[in-house]
Amino acid sequence: MAESLTEMAKDLTMALIEKDLIASTDTNQYLHQIHASLRELKAQDDRTLASGESREGETAERPPALDWKKSIRKYVVECLVCGQTFKQLSARHLRQHGLDPRTYRERFGIPRTQSLAAKETTAMRRRVAQAIRPWEKAPTYVQAQEPPPAPTPAPAPPKRTRKKAAPSNP
Ligand SMILES: [Zn+2]
């Protein structure tokens, strides 16, 4: 749990830096503050849950990210079941919720073509794939690298020659 709070604090801090709301030099200070606030919230949450109070009234404060589009962010993807964030939502994690990538998509109405990874992770993977397999983008690349198929002497139709050279036919 502590680890995911740290992750959340990190993500929030990154988001703030990204939006130029804080200077990156203040990162540590904010990281600690945010982490502390999160821990407080978490403690409150646990207390509320323990006391059996309804959390209905609090949903405005912390709306569950049920919109899957909001769960796939630039640097993290949020698990819509438990709210943990990852670079990539793995099948192994989903199994903890009795789901797999297919049923997870079904449950939250995520298109099959949508990768369950942070946007930056998806983009990075695409870049890597292109670096490894450049011909996927440039089909001429392979042709230039490989010698053309052995110059078969004009598909000499053997049938025709045989026909000509076969006078047995009347
Ligand atoms: Zn989860």
# chains A, B, ... in the order shown; residues from 1 in each chain; ligands from 1
call {"tool": "residues_around", "arguments": {"residues": "stretch 104-111 of chain A", "least_positions_apart": "6", "cutoff": "8 Å", "atoms": "only C-alpha atoms", "output": "PDB file with N, CA and C atoms, in the first residue's frame"}}
result
ATOM      1  N   LEU A  66     -13.995   6.169 -13.648  1.00  0.00           N
ATOM      2  CA  LEU A  66     -14.692   5.128 -14.394  1.00  0.00           C
ATOM      3  C   LEU A  66     -14.686   5.394 -15.897  1.00  0.00           C
ATOM      4  N   ASP A  67     -14.294   6.599 -16.243  1.00  0.00           N
ATOM      5  CA  ASP A  67     -14.130   6.892 -17.655  1.00  0.00           C
ATOM      6  C   ASP A  67     -12.757   6.368 -18.072  1.00  0.00           C
ATOM      7  N   TRP A  68     -12.753   5.309 -18.848  1.00  0.00           N
ATOM      8  CA  TRP A  68     -11.472   4.650 -19.140  1.00  0.00           C
ATOM      9  C   TRP A  68     -10.506   5.589 -19.852  1.00  0.00           C
ATOM     10  N   LEU A  80      -8.816   0.478 -13.385  1.00  0.00           N
ATOM     11  CA  LEU A  80     -10.150   0.998 -13.073  1.00  0.00           C
ATOM     12  C   LEU A  80     -10.819   0.210 -11.955  1.00  0.00           C
ATOM     13  N   LEU A  94      -4.340  -7.885 -13.568  1.00  0.00           N
ATOM     14  CA  LEU A  94      -5.786  -8.020 -13.771  1.00  0.00           C
ATOM     15  C   LEU A  94      -6.299  -9.326 -13.188  1.00  0.00           C
TER      16      LEU A  94
END
call {"tool": "residues_near_ligand", "arguments": {"ligand": "ligand 1", "cutoff": "10 Å", "atoms": "only C-alpha atoms and all ligand atoms", "output": "PDB file with N, CA and C atoms, in the first residue's frame"}}
result
ATOM      1  N   GLU A  78      -4.230   3.796 -15.189  1.00  0.00           N
ATOM      2  CA  GLU A  78      -4.802   3.500 -13.888  1.00  0.00           C
ATOM      3  C   GLU A  78      -5.701   2.281 -14.003  1.00  0.00           C
ATOM      4  N   CYS A  79      -5.538   1.378 -13.058  1.00  0.00           N
ATOM      5  CA  CYS A  79      -6.429   0.221 -13.014  1.00  0.00           C
ATOM      6  C   CYS A  79      -7.800   0.719 -12.567  1.00  0.00           C
ATOM      7  N   LEU A  80      -8.816   0.478 -13.385  1.00  0.00           N
ATOM      8  CA  LEU A  80     -10.150   0.998 -13.073  1.00  0.00           C
ATOM      9  C   LEU A  80     -10.819   0.210 -11.955  1.00  0.00           C
ATOM     10  N   VAL A  81     -10.198  -0.900 -11.556  1.00  0.00           N
ATOM     11  CA  VAL A  81     -10.781  -1.672 -10.462  1.00  0.00           C
ATOM     12  C   VAL A  81     -10.266  -1.176  -9.118  1.00  0.00           C
ATOM     13  N   CYS A  82      -8.933  -1.035  -9.002  1.00  0.00           N
ATOM     14  CA  CYS A  82      -8.378  -0.701  -7.695  1.00  0.00           C
ATOM     15  C   CYS A  82      -7.705   0.660  -7.657  1.00  0.00           C
ATOM     16  N   GLY A  83      -7.531   1.293  -8.807  1.00  0.00           N
ATOM     17  CA  GLY A  83      -6.972   2.641  -8.824  1.00  0.00           C
ATOM     18  C   GLY A  83      -5.458   2.702  -8.782  1.00  0.00           C
ATOM     19  N   GLN A  84      -4.805   1.542  -8.771  1.00  0.00           N
ATOM     20  CA  GLN A  84      -3.345   1.565  -8.818  1.00  0.00           C
ATOM     21  C   GLN A  84      -2.898   2.025 -10.200  1.00  0.00           C
ATOM     22  N   THR A  85      -1.721   2.632 -10.251  1.00  0.00           N
ATOM     23  CA  THR A  85      -1.241   3.103 -11.546  1.00  0.00           C
ATOM     24  C   THR A  85      -0.003   2.333 -11.982  1.00  0.00           C
ATOM     25  N   PHE A  86       0.072   2.161 -13.277  1.00  0.00           N
ATOM     26  CA  PHE A  86       1.174   1.403 -13.870  1.00  0.00           C
ATOM     27  C   PHE A  86       1.596   2.065 -15.168  1.00  0.00           C
ATOM     28  N   LEU A  89      -0.792  -2.004 -17.821  1.00  0.00           N
ATOM     29  CA  LEU A  89      -1.711  -2.797 -17.014  1.00  0.00           C
ATOM     30  C   LEU A  89      -1.560  -4.251 -17.439  1.00  0.00           C
ATOM     31  N   SER A  90      -0.883  -5.005 -16.600  1.00  0.00           N
ATOM     32  CA  SER A  90      -0.512  -6.355 -17.011  1.00  0.00           C
ATOM     33  C   SER A  90      -1.631  -7.350 -16.754  1.00  0.00           C
ATOM     34  N   ARG A  92      -1.170 -10.035 -15.404  1.00  0.00           N
ATOM     35  CA  ARG A  92      -0.935 -10.585 -14.079  1.00  0.00           C
ATOM     36  C   ARG A  92      -1.675  -9.759 -13.023  1.00  0.00           C
ATOM     37  N   HIS A  93      -1.639  -8.439 -13.183  1.00  0.00           N
ATOM     38  CA  HIS A  93      -2.352  -7.608 -12.223  1.00  0.00           C
ATOM     39  C   HIS A  93      -3.857  -7.823 -12.339  1.00  0.00           C
ATOM     40  N   LEU A  94      -4.340  -7.885 -13.568  1.00  0.00           N
ATOM     41  CA  LEU A  94      -5.786  -8.020 -13.771  1.00  0.00           C
ATOM     42  C   LEU A  94      -6.299  -9.326 -13.188  1.00  0.00           C
ATOM     43  N   ARG A  95      -5.432 -10.323 -13.171  1.00  0.00           N
ATOM     44  CA  ARG A  95      -5.830 -11.623 -12.621  1.00  0.00           C
ATOM     45  C   ARG A  95      -6.198 -11.490 -11.144  1.00  0.00           C
ATOM     46  N   GLN A  96      -5.572 -10.523 -10.471  1.00  0.00           N
ATOM     47  CA  GLN A  96      -5.913 -10.300  -9.058  1.00  0.00           C
ATOM     48  C   GLN A  96      -7.370  -9.903  -8.892  1.00  0.00           C
ATOM     49  N   HIS A  97      -7.933  -9.332  -9.953  1.00  0.00           N
ATOM     50  CA  HIS A  97      -9.341  -8.932  -9.891  1.00  0.00           C
ATOM     51  C   HIS A  97     -10.230  -9.960 -10.587  1.00  0.00           C
ATOM     52  N   GLY A  98      -9.642 -11.106 -10.914  1.00  0.00           N
ATOM     53  CA  GLY A  98     -10.404 -12.127 -11.634  1.00  0.00           C
ATOM     54  C   GLY A  98     -10.723 -11.726 -13.057  1.00  0.00           C
ATOM     55  N   LEU A  99      -9.865 -10.871 -13.606  1.00  0.00           N
ATOM     56  CA  LEU A  99     -10.092 -10.406 -14.980  1.00  0.00           C
ATOM     57  C   LEU A  99      -8.875 -10.733 -15.835  1.00  0.00           C
TER      58      LEU A  99
END
call {"tool": "residues_around", "arguments": {"residues": "A:Leu12", "least_positions_apart": "6", "cutoff": "12 Å", "atoms": "only C-alpha atoms", "output": "PDB file with C-alpha atoms, in the first residue's frame"}}
result
ATOM      1  CA  LEU A   5       0.913   5.894  -2.299  1.00  0.00           C
ATOM      2  CA  THR A   6       4.470   6.779  -3.168  1.00  0.00           C
ATOM      3  CA  GLU A  18       4.311  18.989 -16.384  1.00  0.00           C
ATOM      4  CA  LYS A  19       1.769  21.738 -15.975  1.00  0.00           C
ATOM      5  CA  LEU A  21       2.702  24.505 -11.472  1.00  0.00           C
ATOM      6  CA  ILE A  22       5.860  23.807  -9.533  1.00  0.00           C
ATOM      7  CA  THR A  27      10.122  18.159  -6.549  1.00  0.00           C
ATOM      8  CA  TYR A  30       6.234  18.507  -3.023  1.00  0.00           C
ATOM      9  CA  LEU A  31       6.702  14.792  -3.239  1.00  0.00           C
ATOM     10  CA  HIS A  32       6.833  14.634   0.531  1.00  0.00           C
ATOM     11  CA  GLN A  33       3.896  16.956   1.000  1.00  0.00           C
ATOM     12  CA  ILE A  34       1.749  15.111  -1.478  1.00  0.00           C
ATOM     13  CA  HIS A  35       2.741  11.780  -0.049  1.00  0.00           C
ATOM     14  CA  SER A  37      -1.542  14.277   2.221  1.00  0.00           C
ATOM     15  CA  LEU A  38      -2.256  11.054   0.443  1.00  0.00           C
ATOM     16  CA  ARG A  73      -2.735   9.049 -19.143  1.00  0.00           C
ATOM     17  CA  TYR A  75       2.845   8.377 -18.105  1.00  0.00           C
ATOM     18  CA  VAL A  76       0.529   6.006 -16.285  1.00  0.00           C
ATOM     19  CA  THR A  85      -1.241   3.103 -11.546  1.00  0.00           C
TER      20      THR A  85
END
call {"tool": "atom_distance", "arguments": {"atom1": "atom CA of A:Ala15", "atom2": "atom CA of A:Leu116"}}
result
19.8 Å
call {"tool": "closest_residue", "arguments": {"among": "A:Thr13, A:Ser71, A:Gln29, A:Gln88", "to": "A:Thr121", "atoms": "only C-alpha atoms"}}
result
A:Gln88
call {"tool": "atom_distance", "arguments": {"atom1": "atom CA of A:Arg112", "atom2": "atom CA of A:Ala91"}}
result
14.5 Å
call {"tool": "atom_distance", "arguments": {"atom1": "atom CA of A:Met8", "atom2": "atom CA of A:Ala123"}}
result
21.9 Å
call {"tool": "closest_residue", "arguments": {"among": "A:Ala23, A:Thr103, A:Lys119, A:Ser4", "to": "A:Lys42", "atoms": "only C-alpha atoms"}}
result
A:Ser4
